[in-house]
>>> print(open('final_13.cif').read())   # mmCIF, C-alpha atoms and all ligand atoms
data_data
loop_
_atom_site.label_atom_id
_atom_site.label_comp_id
_atom_site.auth_asym_id
_atom_site.auth_seq_id
_atom_site.Cartn_x
_atom_site.Cartn_y
_atom_site.Cartn_z
CA MET I 1 -13.34 -9.90 11.18
CA GLU I 2 -16.82 -10.57 9.77
CA GLY I 3 -18.37 -8.79 12.77
CA ASN I 4 -16.26 -5.71 12.11
CA PRO I 5 -18.75 -2.81 11.74
CA VAL I 6 -16.35 -0.80 9.58
CA LEU I 7 -15.92 -3.72 7.19
CA LYS I 8 -19.67 -3.85 6.60
CA LYS I 9 -19.76 -0.17 5.71
CA VAL I 10 -16.67 -0.45 3.52
CA LEU I 11 -18.27 -3.31 1.57
CA ASN I 12 -21.44 -1.29 1.01
CA PHE I 13 -19.51 1.72 -0.23
CA GLN I 14 -17.22 -0.47 -2.32
CA SER I 15 -20.22 -1.86 -4.18
CA GLU I 16 -21.10 1.76 -5.06
CA LYS I 17 -17.46 2.49 -5.96
CA ASP I 18 -17.61 5.30 -3.37
CA TRP I 19 -13.96 5.62 -2.30
CA LYS I 20 -14.67 9.02 -0.73
CA ALA I 21 -17.27 7.58 1.64
CA ILE I 22 -14.79 4.84 2.56
CA LEU I 23 -12.14 7.43 3.47
CA SER I 24 -14.70 9.20 5.66
CA LEU I 25 -15.03 6.08 7.83
CA ASN I 26 -11.63 6.75 9.40
CA GLU I 27 -11.01 10.45 8.90
CA ASP I 28 -9.28 10.79 12.28
CA SER I 29 -7.19 7.68 11.59
CA ASN I 30 -7.85 6.30 15.06
CA ASN I 31 -10.75 3.92 14.54
CA PHE I 32 -9.54 0.56 15.84
CA ASP I 33 -11.85 -1.49 13.58
CA ALA I 34 -10.75 0.51 10.56
CA LEU I 35 -7.07 -0.01 11.38
CA LYS I 36 -7.64 -3.77 11.26
CA LEU I 37 -8.36 -3.35 7.54
CA LEU I 38 -5.63 -0.86 6.69
CA TRP I 39 -2.77 0.55 8.73
CA ALA I 40 -2.57 3.96 7.03
CA TRP I 41 -5.82 5.56 5.88
CA PRO I 42 -5.04 8.26 3.33
CA SER I 43 -6.79 11.59 2.88
CA GLU I 44 -8.13 12.77 -0.44
CA SER I 45 -5.12 15.07 -0.80
CA ASN I 46 -2.81 12.08 -0.38
CA LEU I 47 -4.60 10.45 -3.32
CA VAL I 48 -4.21 13.63 -5.38
CA PHE I 49 -0.49 13.58 -4.52
CA LEU I 50 -0.07 9.92 -5.50
CA LYS I 51 -1.97 10.29 -8.75
CA TYR I 52 0.06 13.33 -9.74
CA ILE I 53 3.38 11.58 -9.08
CA LEU I 54 2.34 8.43 -10.94
CA LEU I 55 1.00 10.24 -13.98
CA SER I 56 3.81 12.75 -14.20
CA HIS I 57 6.29 9.86 -14.29
CA LYS I 58 4.22 7.94 -16.81
CA MET I 59 3.59 4.98 -14.55
CA ALA I 60 0.93 2.54 -15.77
CA GLY I 61 0.16 1.33 -12.27
CA ILE I 62 1.41 0.07 -8.94
CA THR I 63 2.53 -3.29 -7.62
CA SER I 64 1.85 -3.33 -3.90
CA LEU I 65 3.92 -5.80 -1.89
CA GLY I 66 2.36 -6.98 1.34
CA CYS I 67 -0.95 -5.38 0.47
CA GLY I 68 -2.93 -7.23 3.14
CA CYS I 69 -6.61 -7.24 2.25
CA GLY I 70 -5.96 -4.72 -0.52
CA LEU I 71 -8.23 -1.92 0.70
CA LEU I 72 -5.69 0.83 0.05
CA GLU I 73 -5.00 -0.70 -3.35
CA TRP I 74 -8.70 -0.75 -4.24
CA ILE I 75 -9.02 2.90 -3.18
CA ILE I 76 -5.98 3.96 -5.23
CA GLN I 77 -7.13 1.98 -8.25
CA THR I 78 -10.64 3.37 -8.13
CA TYR I 79 -9.48 6.94 -7.54
CA THR I 80 -6.67 7.03 -10.11
CA GLY I 81 -8.06 4.67 -12.76
CA LEU I 82 -4.60 3.06 -12.85
CA SER I 83 -4.10 -0.65 -12.35
CA VAL I 84 -2.95 -1.83 -8.92
CA ILE I 85 -1.59 -5.33 -8.41
CA GLY I 86 -1.66 -6.69 -4.87
CA VAL I 87 0.94 -9.21 -3.71
CA GLU I 88 0.80 -11.21 -0.49
CA ILE I 89 2.27 -14.33 1.02
CA ASN I 90 0.43 -17.31 2.43
CA GLU I 91 -2.28 -18.09 -0.12
CA GLN I 92 -3.74 -20.69 2.22
CA TRP I 93 -4.52 -18.03 4.82
CA TRP I 94 -6.09 -15.58 2.38
CA LYS I 95 -8.28 -18.34 0.98
CA SER I 96 -9.28 -19.69 4.39
CA LYS I 97 -12.58 -19.04 6.16
CA TYR I 98 -10.73 -16.97 8.79
CA SER I 99 -9.62 -14.29 6.37
CA ILE I 100 -11.82 -11.62 4.82
CA THR I 101 -12.25 -11.66 1.07
CA PRO I 102 -9.59 -9.33 -0.33
CA PHE I 103 -10.77 -6.12 -2.01
CA ILE I 104 -8.67 -6.86 -5.07
CA PRO I 105 -7.51 -10.23 -6.45
CA LEU I 106 -4.22 -11.15 -4.80
CA LYS I 107 -1.08 -12.57 -6.32
CA TYR I 108 1.08 -14.75 -4.12
CA ALA I 109 4.82 -14.24 -3.84
CA GLU I 110 5.46 -17.93 -3.14
CA LYS I 111 3.69 -18.87 -6.36
CA GLU I 112 4.49 -16.25 -8.94
CA ALA I 113 7.87 -15.08 -7.65
CA PHE I 114 8.37 -11.66 -9.10
CA ALA I 115 6.66 -12.26 -12.42
CA CYS I 116 3.85 -9.92 -11.45
CA THR I 117 5.87 -6.72 -11.53
CA SER I 118 6.87 -4.75 -14.54
CA GLU I 119 9.07 -1.81 -15.27
CA ASN I 120 6.37 0.82 -15.70
CA TYR I 121 4.68 -0.11 -12.44
CA ALA I 122 5.82 1.66 -9.26
CA LEU I 123 6.47 -0.58 -6.26
CA LEU I 124 4.46 0.21 -3.14
CA PHE I 125 5.26 -0.92 0.40
CA CYS I 126 2.66 0.17 2.94
CA TYR I 127 3.61 -0.74 6.49
CA PHE I 128 5.72 -3.56 5.11
CA ASN I 129 7.46 -5.52 7.86
CA ASN I 130 10.20 -7.56 6.30
CA GLY I 131 13.45 -5.77 5.45
CA ASN I 132 15.09 -8.79 3.81
CA ALA I 133 12.10 -9.41 1.53
CA PHE I 134 12.00 -5.67 0.75
CA ARG I 135 15.63 -5.69 -0.40
CA GLU I 136 15.01 -8.78 -2.51
CA TYR I 137 12.00 -7.13 -4.20
CA VAL I 138 14.10 -4.02 -4.84
CA ARG I 139 16.94 -6.11 -6.27
CA LEU I 140 14.61 -7.77 -8.76
CA TYR I 141 12.74 -4.59 -9.75
CA SER I 142 13.74 -3.02 -13.04
CA GLY I 143 11.57 0.10 -12.75
CA ARG I 144 12.40 3.51 -11.32
CA MET I 145 9.84 4.42 -8.66
CA ILE I 146 9.35 3.01 -5.16
CA ILE I 147 6.71 4.35 -2.78
CA ILE I 148 7.07 3.67 0.93
CA ILE I 149 4.28 4.34 3.41
CA GLY I 150 4.97 4.01 7.10
CA PRO I 151 5.57 5.85 10.36
CA SER I 152 8.23 8.52 10.76
CA GLU I 153 10.70 8.27 13.61
CA GLY I 154 9.15 8.87 17.01
CA ALA I 155 5.65 7.83 15.93
CA GLY I 156 5.81 4.80 18.24
CA ARG I 157 5.09 2.43 15.38
CA HIS I 158 7.39 0.47 13.12
CA SER I 159 7.71 -0.55 9.51
CA ASP I 160 10.61 -2.01 7.57
CA PRO I 161 11.31 -0.24 5.26
CA SER I 162 10.62 3.02 7.05
CA PRO I 163 9.69 5.98 4.83
CA PHE I 164 12.76 8.11 5.56
CA ASN I 165 15.42 5.61 6.50
CA PRO I 166 14.96 2.63 4.23
CA ASP I 167 17.76 0.14 3.68
CA PHE I 168 17.52 -0.57 -0.05
CA GLY I 169 20.64 -2.71 0.06
CA CYS I 170 22.20 -0.48 -2.61
CA GLU I 171 22.87 3.19 -3.30
CA ASN I 172 20.66 3.55 -6.36
CA TRP I 173 17.65 5.23 -4.79
CA HIS I 174 17.10 8.84 -3.77
CA LEU I 175 14.25 10.48 -1.93
CA GLY I 176 11.77 12.48 -3.99
CA PRO I 177 8.47 14.10 -2.96
CA ASN I 178 6.87 13.05 0.29
CA GLN I 179 3.71 13.88 2.18
CA GLU I 180 2.27 13.24 5.62
CA ILE I 181 -0.98 11.31 5.91
CA LYS I 182 -3.19 13.83 7.69
CA GLU I 183 -1.47 14.53 11.04
CA THR I 184 -0.66 10.92 11.85
CA ASN I 185 3.14 10.89 11.64
CA ASP I 186 2.69 8.38 8.84
CA PHE I 187 4.30 9.47 5.58
CA ILE I 188 4.19 8.63 1.91
CA ALA I 189 7.75 8.84 0.59
CA VAL I 190 8.57 8.47 -3.08
CA TYR I 191 12.00 7.28 -4.19
CA PHE I 192 13.49 7.38 -7.68
CA LYS I 193 16.28 5.39 -9.22
CA ARG I 194 19.37 7.47 -9.86
C1 LIG B 1 1.71 -4.91 8.62
S1 LIG B 1 0.95 -5.73 7.28
C2 LIG B 1 0.45 -4.35 6.26
C3 LIG B 1 -0.71 -4.69 5.38
C4 LIG B 1 -1.22 -3.54 4.52
N1 LIG B 1 -0.22 -3.11 3.56
C5 LIG B 1 -1.67 -2.38 5.37
O1 LIG B 1 -1.03 -1.33 5.32
O2 LIG B 1 -2.69 -2.50 6.06
C6 LIG B 1 2.33 -6.41 6.36
C7 LIG B 1 1.91 -7.38 5.30
O3 LIG B 1 3.06 -7.79 4.57
C8 LIG B 1 2.88 -9.16 4.22
N2 LIG B 1 4.20 -9.73 3.88
C9 LIG B 1 5.21 -10.07 4.72
N3 LIG B 1 6.26 -10.58 4.01
C10 LIG B 1 5.89 -10.55 2.70
C11 LIG B 1 6.53 -10.94 1.50
N4 LIG B 1 7.76 -11.48 1.49
N5 LIG B 1 5.88 -10.75 0.33
C12 LIG B 1 4.64 -10.21 0.31
N6 LIG B 1 3.98 -9.84 1.44
C13 LIG B 1 4.59 -10.02 2.62
C14 LIG B 1 2.22 -9.76 5.44
O4 LIG B 1 1.55 -10.97 5.13
C15 LIG B 1 1.27 -8.65 5.86
O5 LIG B 1 -0.01 -8.80 5.29
#
>>> encode(input="final_13.cif", output="structure tokens")
Amino acid sequence: MEGNPVLKKVLNFQSEKDWKAILSLNEDSNNFDALKLLWAWPSESNLVFLKYILLSHKMAGITSLGCGCGLLEWIIQTYTGLSVIGVEINEQWWKSKYSITPFIPLKYAEKEAFACTSENYALLFCYFNNGNAFREYVRLYSGRMIIIIGPSEGAGRHSDPSPFNPDFGCENWHLGPNQEIKETNDFIAVYFKR
């Protein structure tokens, strides 16, 4: 990962807090090195969309489950000015010499259970891949907004939950606004508690 040319550029731009320049590194969303850092690279209008939804529903921030290296979370945090908490599993891996240094400090699910989420934080799942863990996070969440990013049907990729057919394990959630990420067949779907 250290030899990844996109990572080097991202780190330079991150030190200048230049989220826009970072987005420009994968504008077509098909740069293989970029996709190793983040599965769904948003556009600026996706960030406008997210910020609007969060602010209009008086959210103080986001808790992102399965945030990986936290690049998306750093971008959202820097763009919106809202706090973004990143949660991962396997602390040992993220602290090992094989992993890149995360863009935001990570919290570990095995260590802090669900203590890191609060009611006025939206939950975010970007290309999450564990339906059972998703349902458990939903069960424990006392807030009212869940954001799912992933591929739509027919995209040839997979996430669990998927943006338009998530299995919440209960009937409490309904689909709100949603937006495609550029023309990638990846979508940001916002759900609200009934
Ligand atoms: C496909 S990756 C997506 C990473 C990142 N969100 C992205 O879009 O690039 C899924 C991530 O979910 C994490 N994950 C899997 N189960 C988890 C759990 N129970 N709690 C938190 N993270 C989990 C994995 O470690 C992995 O980093």
>>> closest_atom_pairs(input="final_13.cif", of="chain I", to="ligand LIG 1 (chain B)", cutoff="10 Å", atoms="all atoms listed in the file", output="CSV")
residue,atom,partner,partner_atom,distance
I:Ala34,CA,B:LIG1,O2,9.7
I:Leu35,CA,B:LIG1,O2,7.3
I:Lys36,CA,B:LIG1,O2,7.3
I:Leu37,CA,B:LIG1,O2,5.9
I:Leu38,CA,B:LIG1,O2,3.4
I:Trp39,CA,B:LIG1,O2,4.1
I:Ala40,CA,B:LIG1,O1,5.8
I:Trp41,CA,B:LIG1,O1,8.4
I:Ser64,CA,B:LIG1,N1,7.7
I:Leu65,CA,B:LIG1,C12,5.0
I:Gly66,CA,B:LIG1,N6,3.3
I:Cys67,CA,B:LIG1,N1,3.9
I:Gly68,CA,B:LIG1,O5,4.0
I:Cys69,CA,B:LIG1,C4,6.9
I:Gly70,CA,B:LIG1,C4,7.0
I:Leu71,CA,B:LIG1,O2,7.7
I:Leu72,CA,B:LIG1,O1,7.4
I:Glu73,CA,B:LIG1,N1,8.7
I:Gly86,CA,B:LIG1,C12,8.9
I:Val87,CA,B:LIG1,C12,5.6
I:Glu88,CA,B:LIG1,N6,4.0
I:Ile89,CA,B:LIG1,C12,4.8
I:Asn90,CA,B:LIG1,O4,7.0
I:Glu91,CA,B:LIG1,O4,9.6
I:Trp93,CA,B:LIG1,O4,9.3
I:Trp94,CA,B:LIG1,O4,9.3
I:Lys107,CA,B:LIG1,C12,9.1
I:Tyr108,CA,B:LIG1,C12,7.3
I:Ala109,CA,B:LIG1,N5,5.5
I:Glu110,CA,B:LIG1,N5,8.0
I:Ala113,CA,B:LIG1,N5,9.3
I:Phe114,CA,B:LIG1,N5,9.8
I:Leu124,CA,B:LIG1,N1,8.8
I:Phe125,CA,B:LIG1,N1,6.7
I:Cys126,CA,B:LIG1,N1,4.4
I:Tyr127,CA,B:LIG1,C2,4.8
I:Phe128,CA,B:LIG1,C6,4.6
I:Asn129,CA,B:LIG1,C6,5.4
I:Asn130,CA,B:LIG1,N3,5.5
I:Gly131,CA,B:LIG1,N3,8.8
I:Asn132,CA,B:LIG1,N4,8.1
I:Ala133,CA,B:LIG1,N4,4.8
I:Phe134,CA,B:LIG1,N4,7.2
I:Arg135,CA,B:LIG1,N4,10.0
I:Glu136,CA,B:LIG1,N4,8.7
I:Tyr137,CA,B:LIG1,N4,8.3
I:Ile149,CA,B:LIG1,O1,8.0
I:Gly150,CA,B:LIG1,O1,8.2
I:His158,CA,B:LIG1,C1,9.0
I:Ser159,CA,B:LIG1,C1,7.5
I:Asp160,CA,B:LIG1,C1,9.4
>>> residues_around(input="final_13.cif", residues="Thr184 (chain I)", least_positions_apart="3", cutoff="9 Å", atoms="only C-alpha atoms", output="list in words")
Asp28, Ser29, Ala40, Pro151, Ala155, Glu180, Ile181 and Phe187 of chain I
>>> closest_atom_pairs(input="final_13.cif", of="region 77-169 of chain I", to="region 42-59 of chain I", cutoff="10 Å", atoms="all atoms listed in the file", output="Markdown table")
| residue | atom | partner | partner_atom | distance |
| --- | --- | --- | --- | --- |
| I:Gln77 | CA | I:Lys51 | CA | 9.8 |
| I:Tyr79 | CA | I:Leu47 | CA | 7.3 |
| I:Thr80 | CA | I:Lys51 | CA | 5.9 |
| I:Gly81 | CA | I:Lys51 | CA | 9.2 |
| I:Leu82 | CA | I:Met59 | CA | 8.6 |
| I:Ser83 | CA | I:Met59 | CA | 9.8 |
| I:Glu119 | CA | I:Met59 | CA | 8.8 |
| I:Asn120 | CA | I:Met59 | CA | 5.1 |
| I:Tyr121 | CA | I:Met59 | CA | 5.6 |
| I:Ala122 | CA | I:Met59 | CA | 6.6 |
| I:Gly143 | CA | I:Met59 | CA | 9.5 |
| I:Arg144 | CA | I:His57 | CA | 9.3 |
| I:Met145 | CA | I:His57 | CA | 8.6 |
| I:Ile147 | CA | I:Leu50 | CA | 9.2 |
>>> closest_residue(input="final_13.cif", among="I:Lys9, I:Leu140, I:Ser96, I:Arg194", to="His174 (chain I)", atoms="all atoms listed in the file")
I:Arg194
>>> atom_distance(input="final_13.cif", atom1="CA of Asn172 (chain I)", atom2="CA of Ile62 (chain I)")
19.7 Å
>>> residues_around(input="final_13.cif", residues="Trp19 (chain I)", least_positions_apart="6", cutoff="9 Å", atoms="only C-alpha atoms", output="PyMOL selection string")
chain I and resi 10+13+74-76+78-79
>>> atom_distance(input="final_13.cif", atom1="CA of Asn178 (chain I)", atom2="CA of Ile146 (chain I)")
11.7 Å
>>> atom_distance(input="final_13.cif", atom1="CA of Leu123 (chain I)", atom2="CA of Ile104 (chain I)")
16.4 Å
